[in-house]
Amino acid sequence: MDISEVAKCSGVPASTLRYYEKVGLIRSTAPQGTRRQFAATVLDQLALIALGQAASLSLEEIHSMLSPAGKVDVDRQLLAAKADDIDATIRQLRAVSRGLRHAAACPALSHAECPTFQGLLKAAASGALDRQRVGRKVAPKKG
């Protein structure tokens, strides 16, 4: 399949395909300097990349699960950690949603008088509602 066919079948722009090739996520079967050609299996690789990105995996993390031949070698520990992060984010968003719904329907004359709303404000001020910090663990540096 040439690059335009892959782009058409996958919905991934040719510029993105060239970038994925540059960073080693996919590989052209054509000699360098000629029009890029890809095996039909590239569509499965692109689907895996899309799934990984939907799960908030970085391209580096996705790359670590692909062999040079494009075979998948799933890092189960990484996926479990990502699932834990997603679960933590869901819990945090549910708590925020409940707080906002309460504030919207709160019968208190002033939100300053509402203990639930005040608790939500304190949580926000302390950073407890910061999605960037919820469930995140600092990964060790690769050296």
# chains A, B, ... in the order shown; residues from 1 in each chain; ligands from 1

call {"tool": "residues_around", "arguments": {"residues": "Ser56 of chain A", "least_positions_apart": "4", "cutoff": "12 Å", "atoms": "only C-alpha atoms", "output": "MDAnalysis selection string"}}
result
chainID A and resid 49:52 60:62 78:79 81:86 89

call {"tool": "closest_residue", "arguments": {"among": "A:Cys9, A:Ile3, A:Ala47, A:Leu93", "to": "Arg35 of chain A", "atoms": "only C-alpha atoms"}}
result
A:Ile3

call {"tool": "select_by_dssp", "arguments": {"residues": "chain A", "states": "strand (DSSP E or B)", "output": "NGL selection string"}}
result
:A and (2 or 37 or 66 or 72)

call {"tool": "select_by_dssp", "arguments": {"residues": "chain A", "states": "helix (DSSP H, G or I)", "output": "ChimeraX atom specification"}}
result
/A:3-10,14-22,42-54,59-64,76-105,111-113,115-126

call {"tool": "atom_distance", "arguments": {"atom1": "atom CA of Lys8 of chain A", "atom2": "atom CA of Leu48 of chain A"}}
result
17.1 Å

call {"tool": "residues_around", "arguments": {"residues": "Asp2 of chain A", "least_positions_apart": "5", "cutoff": "12 Å", "atoms": "only C-alpha atoms", "output": "PyMOL selection string"}}
result
chain A and resi 7-9+14+17-18+27-30+34-40+42-43

call {"tool": "write_last_selection", "arguments": {"atoms": "N, CA, C and O atoms", "output": "CSV table (one decimal), in the first residue's frame"}}
result
chain,number,residue,atom,x,y,z
A,7,ALA,N,-3.2,6.4,4.3
A,7,ALA,CA,-3.9,7.6,4.8
A,7,ALA,C,-5.4,7.5,4.6
A,7,ALA,O,-6.2,7.8,5.5
A,8,LYS,N,-5.8,7.1,3.4
A,8,LYS,CA,-7.2,7.0,3.1
A,8,LYS,C,-7.9,5.9,3.9
A,8,LYS,O,-9.0,6.1,4.5
A,9,CYS,N,-7.3,4.7,4.0
A,9,CYS,CA,-7.9,3.6,4.8
A,9,CYS,C,-7.9,3.8,6.3
A,9,CYS,O,-8.8,3.4,7.0
A,14,ALA,N,-1.1,11.8,5.9
A,14,ALA,CA,0.2,11.4,5.4
A,14,ALA,C,1.3,12.0,6.2
A,14,ALA,O,2.3,11.4,6.5
A,17,LEU,N,1.8,9.9,9.2
A,17,LEU,CA,2.4,8.7,8.9
A,17,LEU,C,3.9,8.9,8.7
A,17,LEU,O,4.7,8.0,9.2
A,18,ARG,N,4.3,9.9,8.0
A,18,ARG,CA,5.7,10.2,7.9
A,18,ARG,C,6.4,10.4,9.2
A,18,ARG,O,7.5,9.9,9.5
A,27,ARG,N,7.1,1.3,9.6
A,27,ARG,CA,8.2,1.2,8.8
A,27,ARG,C,7.7,1.0,7.3
A,27,ARG,O,6.9,0.1,7.0
A,28,SER,N,8.3,1.8,6.4
A,28,SER,CA,8.0,1.6,5.0
A,28,SER,C,8.8,0.4,4.5
A,28,SER,O,9.9,0.2,4.9
A,29,THR,N,8.2,-0.2,3.5
A,29,THR,CA,8.9,-1.4,2.9
A,29,THR,C,9.7,-1.0,1.6
A,29,THR,O,10.4,-1.8,1.1
A,30,ALA,N,9.5,0.3,1.2
A,30,ALA,CA,10.2,0.8,0.0
A,30,ALA,C,11.6,1.3,0.3
A,30,ALA,O,11.8,1.7,1.4
A,34,THR,N,12.4,6.6,-2.3
A,34,THR,CA,11.3,6.3,-3.3
A,34,THR,C,9.9,6.5,-2.5
A,34,THR,O,9.9,6.8,-1.3
A,35,ARG,N,8.8,6.4,-3.3
A,35,ARG,CA,7.5,6.6,-2.6
A,35,ARG,C,7.3,5.6,-1.6
A,35,ARG,O,7.6,4.4,-1.8
A,36,ARG,N,6.9,6.0,-0.4
A,36,ARG,CA,6.7,5.1,0.7
A,36,ARG,C,5.6,4.1,0.4
A,36,ARG,O,4.5,4.4,0.0
A,37,GLN,N,6.0,2.9,0.7
A,37,GLN,CA,5.1,1.7,0.6
A,37,GLN,C,5.0,1.0,1.9
A,37,GLN,O,6.0,0.9,2.6
A,38,PHE,N,3.8,0.5,2.3
A,38,PHE,CA,3.7,-0.1,3.6
A,38,PHE,C,3.0,-1.5,3.4
A,38,PHE,O,2.1,-1.6,2.5
A,39,ALA,N,3.3,-2.4,4.3
A,39,ALA,CA,2.6,-3.7,4.3
A,39,ALA,C,1.2,-3.4,4.8
A,39,ALA,O,0.9,-2.5,5.6
A,40,ALA,N,0.2,-4.3,4.5
A,40,ALA,CA,-1.1,-4.1,5.0
A,40,ALA,C,-1.2,-4.2,6.5
A,40,ALA,O,-2.1,-3.6,7.1
A,42,VAL,N,0.3,-2.5,8.5
A,42,VAL,CA,0.5,-1.1,9.0
A,42,VAL,C,-0.8,-0.6,9.6
A,42,VAL,O,-0.9,0.1,10.5
A,43,LEU,N,-2.0,-1.1,9.0
A,43,LEU,CA,-3.3,-0.6,9.5
A,43,LEU,C,-3.5,-1.1,10.9
A,43,LEU,O,-4.0,-0.4,11.8

call {"tool": "residues_around", "arguments": {"residues": "segment 122-131 of chain A", "least_positions_apart": "6", "cutoff": "12 Å", "atoms": "only C-alpha atoms", "output": "VMD selection string"}}
result
chain A and resid 85 to 97 99 to 100 112 115 to 116

call {"tool": "write_last_selection", "arguments": {"atoms": "all heavy atoms", "output": "compact mmCIF listing (two decimals), in the first residue's frame"}}
result
# COMPACT_ATOMS: atom_id res chain seq x y z
N ASP A 85 -4.21 5.10 36.67
CA ASP A 85 -4.26 6.55 36.47
C ASP A 85 -5.65 6.98 35.97
O ASP A 85 -6.21 7.96 36.44
CB ASP A 85 -3.22 7.01 35.44
CG ASP A 85 -1.80 7.04 35.99
OD1 ASP A 85 -1.62 6.88 37.20
OD2 ASP A 85 -0.88 7.23 35.17
N ILE A 86 -6.17 6.22 35.01
CA ILE A 86 -7.49 6.54 34.46
C ILE A 86 -8.56 6.41 35.54
O ILE A 86 -9.45 7.27 35.68
CB ILE A 86 -7.80 5.67 33.23
CG1 ILE A 86 -6.88 6.08 32.07
CG2 ILE A 86 -9.27 5.77 32.83
CD1 ILE A 86 -6.89 5.12 30.89
N ASP A 87 -8.48 5.33 36.34
CA ASP A 87 -9.44 5.14 37.43
C ASP A 87 -9.38 6.29 38.43
O ASP A 87 -10.41 6.78 38.90
CB ASP A 87 -9.20 3.81 38.15
CG ASP A 87 -9.57 2.60 37.30
OD1 ASP A 87 -10.31 2.75 36.30
OD2 ASP A 87 -9.10 1.49 37.64
N ALA A 88 -8.18 6.75 38.75
CA ALA A 88 -8.02 7.87 39.68
C ALA A 88 -8.62 9.14 39.09
O ALA A 88 -9.29 9.91 39.79
CB ALA A 88 -6.55 8.08 40.02
N THR A 89 -8.41 9.36 37.81
CA THR A 89 -8.97 10.54 37.14
C THR A 89 -10.49 10.47 37.14
O THR A 89 -11.17 11.48 37.37
CB THR A 89 -8.42 10.66 35.71
OG1 THR A 89 -7.00 10.80 35.78
CG2 THR A 89 -9.01 11.85 34.98
N ILE A 90 -11.04 9.30 36.89
CA ILE A 90 -12.50 9.12 36.89
C ILE A 90 -13.06 9.45 38.27
O ILE A 90 -14.06 10.16 38.39
CB ILE A 90 -12.89 7.70 36.44
CG1 ILE A 90 -12.61 7.52 34.95
CG2 ILE A 90 -14.36 7.40 36.77
CD1 ILE A 90 -12.69 6.09 34.46
N ARG A 91 -12.41 8.92 39.32
CA ARG A 91 -12.88 9.22 40.69
C ARG A 91 -12.84 10.72 40.96
O ARG A 91 -13.78 11.30 41.53
CB ARG A 91 -12.03 8.47 41.73
CG ARG A 91 -12.33 7.00 41.81
CD ARG A 91 -11.65 6.33 43.01
NE ARG A 91 -10.21 6.44 42.97
CZ ARG A 91 -9.40 5.60 42.32
NH1 ARG A 91 -9.91 4.58 41.66
NH2 ARG A 91 -8.08 5.77 42.35
N GLN A 92 -11.75 11.35 40.55
CA GLN A 92 -11.59 12.79 40.78
C GLN A 92 -12.67 13.57 40.01
O GLN A 92 -13.29 14.47 40.55
CB GLN A 92 -10.18 13.21 40.35
CG GLN A 92 -9.89 14.68 40.50
CD GLN A 92 -10.03 15.42 39.18
OE1 GLN A 92 -9.88 14.86 38.11
NE2 GLN A 92 -10.32 16.68 39.28
N LEU A 93 -12.91 13.21 38.76
CA LEU A 93 -13.91 13.91 37.96
C LEU A 93 -15.32 13.69 38.50
O LEU A 93 -16.15 14.61 38.48
CB LEU A 93 -13.82 13.49 36.49
CG LEU A 93 -12.58 13.98 35.74
CD1 LEU A 93 -12.50 13.35 34.36
CD2 LEU A 93 -12.57 15.50 35.65
N ARG A 94 -15.59 12.48 39.00
CA ARG A 94 -16.90 12.23 39.61
C ARG A 94 -17.10 13.10 40.85
O ARG A 94 -18.18 13.64 41.07
CB ARG A 94 -17.05 10.75 39.96
CG ARG A 94 -17.36 9.90 38.77
CD ARG A 94 -17.76 8.50 39.17
NE ARG A 94 -18.07 7.72 37.98
CZ ARG A 94 -17.67 6.48 37.78
NH1 ARG A 94 -16.95 5.85 38.70
NH2 ARG A 94 -17.99 5.86 36.68
N ALA A 95 -16.06 13.24 41.66
CA ALA A 95 -16.15 14.08 42.85
C ALA A 95 -16.40 15.53 42.46
O ALA A 95 -17.24 16.22 43.07
CB ALA A 95 -14.88 13.95 43.70
N VAL A 96 -15.69 16.01 41.45
CA VAL A 96 -15.89 17.38 40.98
C VAL A 96 -17.31 17.55 40.44
O VAL A 96 -17.99 18.53 40.75
CB VAL A 96 -14.85 17.76 39.91
CG1 VAL A 96 -15.20 19.08 39.25
CG2 VAL A 96 -13.46 17.82 40.51
N SER A 97 -17.78 16.58 39.67
CA SER A 97 -19.13 16.65 39.11
C SER A 97 -20.18 16.70 40.22
O SER A 97 -21.11 17.52 40.17
CB SER A 97 -19.38 15.43 38.21
OG SER A 97 -20.70 15.43 37.73
N GLY A 99 -19.75 17.78 43.25
CA GLY A 99 -19.64 19.08 43.90
C GLY A 99 -20.29 20.18 43.09
O GLY A 99 -21.00 21.04 43.63
N LEU A 100 -20.08 20.17 41.79
CA LEU A 100 -20.68 21.19 40.92
C LEU A 100 -22.20 21.05 40.87
O LEU A 100 -22.92 22.05 40.90
CB LEU A 100 -20.08 21.11 39.52
CG LEU A 100 -18.61 21.48 39.41
CD1 LEU A 100 -18.11 21.24 38.00
CD2 LEU A 100 -18.37 22.92 39.84
N ALA A 112 -21.34 30.74 50.27
CA ALA A 112 -20.41 30.93 51.38
C ALA A 112 -20.91 30.21 52.63
O ALA A 112 -20.13 29.88 53.51
CB ALA A 112 -20.22 32.42 51.67
N PRO A 115 -21.41 24.18 53.44
CA PRO A 115 -20.19 23.44 53.79
C PRO A 115 -19.68 22.58 52.62
O PRO A 115 -18.48 22.43 52.44
CB PRO A 115 -20.61 22.56 54.95
CG PRO A 115 -21.97 22.95 55.35
CD PRO A 115 -22.53 23.85 54.31
N THR A 116 -20.57 22.03 51.82
CA THR A 116 -20.16 21.20 50.69
C THR A 116 -19.41 22.04 49.66
O THR A 116 -18.35 21.65 49.17
CB THR A 116 -21.38 20.52 50.03
OG1 THR A 116 -22.04 19.72 51.02
CG2 THR A 116 -20.97 19.64 48.86

call {"tool": "atom_distance", "arguments": {"atom1": "atom CA of Ser4 of chain A", "atom2": "atom CA of Val74 of chain A"}}
result
28.9 Å

call {"tool": "atom_distance", "arguments": {"atom1": "atom CA of Leu120 of chain A", "atom2": "atom CA of Ala54 of chain A"}}
result
29.1 Å

call {"tool": "closest_residue", "arguments": {"among": "A:Cys106, A:His111, A:Gly33, A:Val23", "to": "His63 of chain A", "atoms": "only C-alpha atoms"}}
result
A:Val23

call {"tool": "residues_around", "arguments": {"residues": "Gln45 of chain A", "least_positions_apart": "6", "cutoff": "9 Å", "atoms": "only C-alpha atoms", "output": "JSON, numbers by chain"}}
result
{"A": [25, 26, 66, 70, 71, 72]}
